Amino acid sequence: MAKMSLEDLRKMREATQQQIKKRETDGKTAQIIVGMGTCGIAAGAKATLDAFVKELDEKGMGGEVVIRQTGCMGLCNNEPTVEVVVPGMPSIIYGGVNAAVAKGIVEKHLMKKELLNDRIIDRPAVDLLKK
Amino acid sequence: MHYTLCDMFSDLTQNAIEAGSSIITVEMIMTDTTISVSIRDNGKGMTGEQLARATDPFYTDGIKHPGRKVGLGIPFLIQTAETTGGSWNIRSDKGNGADIPSGTAVDCSFDLTNIDTPPVGDVAGYFRHILSFDGRYELIISGTFPGTSFTVKRSEVLDALGLAEQGSFTDAGSLKLLGMYLESLLEAYYG
């Protein structure tokens, strides 16, 4: 790939925007929030983020899902952690989200509206709970 | 310590963004044997005492993560530099609200020939990570690598992707394009 210019980038964006517009149905957007604090980075959150981007792009869902990054969620022992917000469903925090789990979240949670029960985190780290 | 140098740079740059900065500059200079990174921000800065304490892994301001007792970002930098023959320096100023501006400057340099230096890691991924935080901030990245050099301004890339109004990279599609763009700039480095 040759060095792209900002103009090349603009053209590619416009080409994909047209595809996105065709698919805009209800305007409801799902969100994926990846924890990228010191703990998340150390546990491989960048690979997790890359996996989400790749997976959503391959499934043609790049324009429908927002991916955001946040700092530490206080669940360092379960990193990489990812919060998934889908309209009409409760917000879910998943732990231990590697590339394979990220694929599962896209295929099950986002596409079929099914939760990945064995990865759900429902309480903060032990050191943050009041004794 | 972090697995790659770029993971550590991500961590340090995130501190700069979270300090409430409106402008952050990141300069990366890589040769065949060394890598140097300078991160400068105009955020809230630290007092001399806060800066000294930030180098202690058992210190954190308790604001970002209430209840937590460790802060490992800067200690990781120090540990990595000290164990691999690298160097580090942090200067910070709270400013006085008038002629002395607040901000922090982190400079570090690593010897890529030292067997204990972690791998450089994913440079394009590092740049994408620090460009795509929520919120409005200008980030200017300048990179000098063997065979190539470039400057990336966050505002210009947002504009090219039609996101100038939102002020941050949002959908997975734009992150994908941003990644492709950054990888193309680094083509000479990745080979």
# chains A, B, ... in the order shown; residues from 1 in each chain; ligands from 1

call {"tool": "interface_residues", "arguments": {"of": "chain A", "to": "chain B", "cutoff": "7 Å", "atoms": "only C-alpha atoms", "output": "ChimeraX atom specification"}}
result
/A:1-4,6,9-10,13,37-38,41-42,53,56-57,62-69,74,128

call {"tool": "write_last_selection", "arguments": {"atoms": "C-alpha atoms", "output": "mmCIF file, in the first residue's frame"}}
result
data_model
loop_
_atom_site.group_PDB
_atom_site.id
_atom_site.type_symbol
_atom_site.label_atom_id
_atom_site.label_comp_id
_atom_site.auth_asym_id
_atom_site.auth_seq_id
_atom_site.Cartn_x
_atom_site.Cartn_y
_atom_site.Cartn_z
ATOM 1 C CA MET A 1 0.000 0.000 0.000
ATOM 2 C CA ALA A 2 1.403 3.372 -0.972
ATOM 3 C CA LYS A 3 1.395 6.226 1.536
ATOM 4 C CA MET A 4 -2.195 7.487 1.612
ATOM 5 C CA LEU A 6 -5.787 12.799 3.528
ATOM 6 C CA LEU A 9 -8.778 8.874 3.044
ATOM 7 C CA ARG A 10 -11.622 11.283 2.326
ATOM 8 C CA ARG A 13 -14.710 7.397 3.546
ATOM 9 C CA GLY A 37 -6.124 1.701 31.223
ATOM 10 C CA THR A 38 -2.693 0.447 32.269
ATOM 11 C CA ILE A 41 -3.273 -2.459 27.830
ATOM 12 C CA ALA A 42 -1.137 -4.900 29.809
ATOM 13 C CA VAL A 53 -12.735 -3.376 14.305
ATOM 14 C CA LEU A 56 -17.348 -5.522 12.487
ATOM 15 C CA ASP A 57 -15.738 -4.473 9.225
ATOM 16 C CA GLY A 62 -18.686 -0.832 10.545
ATOM 17 C CA GLY A 63 -21.168 2.006 10.270
ATOM 18 C CA GLU A 64 -23.660 0.666 12.804
ATOM 19 C CA VAL A 65 -21.507 0.108 15.861
ATOM 20 C CA VAL A 66 -19.628 2.723 17.845
ATOM 21 C CA ILE A 67 -16.351 1.628 19.418
ATOM 22 C CA ARG A 68 -15.126 3.779 22.284
ATOM 23 C CA GLN A 69 -12.143 3.546 24.568
ATOM 24 C CA GLY A 74 -12.001 -0.986 38.303
ATOM 25 C CA LEU A 128 -12.690 -2.295 45.928
#

call {"tool": "residues_around", "arguments": {"residues": "Ala99 in chain A", "least_positions_apart": "6", "cutoff": "10 Å", "atoms": "only C-alpha atoms", "output": "list in words"}}
result
Gly44, Ala45, Lys46, Ala47, Thr48, Leu49, Asp50, Ala51, Phe52, Lys54, Glu55 and Ile105 of chain A

call {"tool": "residues_around", "arguments": {"residues": "Met30 in chain B", "least_positions_apart": "2", "cutoff": "7 Å", "atoms": "only C-alpha atoms", "output": "PDB file with C-alpha atoms, in the first residue's frame"}}
result
ATOM      1  CA  MET B  28       8.645   9.539  17.765  1.00  0.00           C
ATOM      2  CA  ASP B  32      17.970   1.212  13.407  1.00  0.00           C
ATOM      3  CA  THR B  34      17.232   3.585  19.040  1.00  0.00           C
ATOM      4  CA  ILE B  35      13.718   4.856  19.613  1.00  0.00           C
ATOM      5  CA  SER B  36      12.921   8.158  21.323  1.00  0.00           C
ATOM      6  CA  THR B 144      10.627   9.941  11.839  1.00  0.00           C
ATOM      7  CA  PHE B 145      11.551   6.402  10.828  1.00  0.00           C
ATOM      8  CA  PRO B 146      14.306   4.948   8.682  1.00  0.00           C
TER       9      PRO B 146
END

call {"tool": "select_by_dssp", "arguments": {"residues": "chain A", "states": "strand (DSSP E)", "output": "count of residues only"}}
result
19

call {"tool": "residues_around", "arguments": {"residues": "Pro101 in chain B", "least_positions_apart": "6", "cutoff": "10 Å", "atoms": "only C-alpha atoms", "output": "list in words"}}
result
Asn42, Gly43, Lys44, Gly45, Asp93, Lys94 and Gly95 of chain B

call {"tool": "write_last_selection", "arguments": {"atoms": "C-alpha atoms", "output": "mmCIF file, in the first residue's frame"}}
result
data_model
loop_
_atom_site.group_PDB
_atom_site.id
_atom_site.type_symbol
_atom_site.label_atom_id
_atom_site.label_comp_id
_atom_site.auth_asym_id
_atom_site.auth_seq_id
_atom_site.Cartn_x
_atom_site.Cartn_y
_atom_site.Cartn_z
ATOM 1 C CA ASN B 42 -0.843 21.577 28.136
ATOM 2 C CA GLY B 43 -2.968 19.839 30.756
ATOM 3 C CA LYS B 44 -3.237 20.578 34.432
ATOM 4 C CA GLY B 45 0.371 19.626 35.273
ATOM 5 C CA ASP B 93 4.425 22.638 35.837
ATOM 6 C CA LYS B 94 1.161 23.654 37.436
ATOM 7 C CA GLY B 95 1.479 27.076 35.826
#
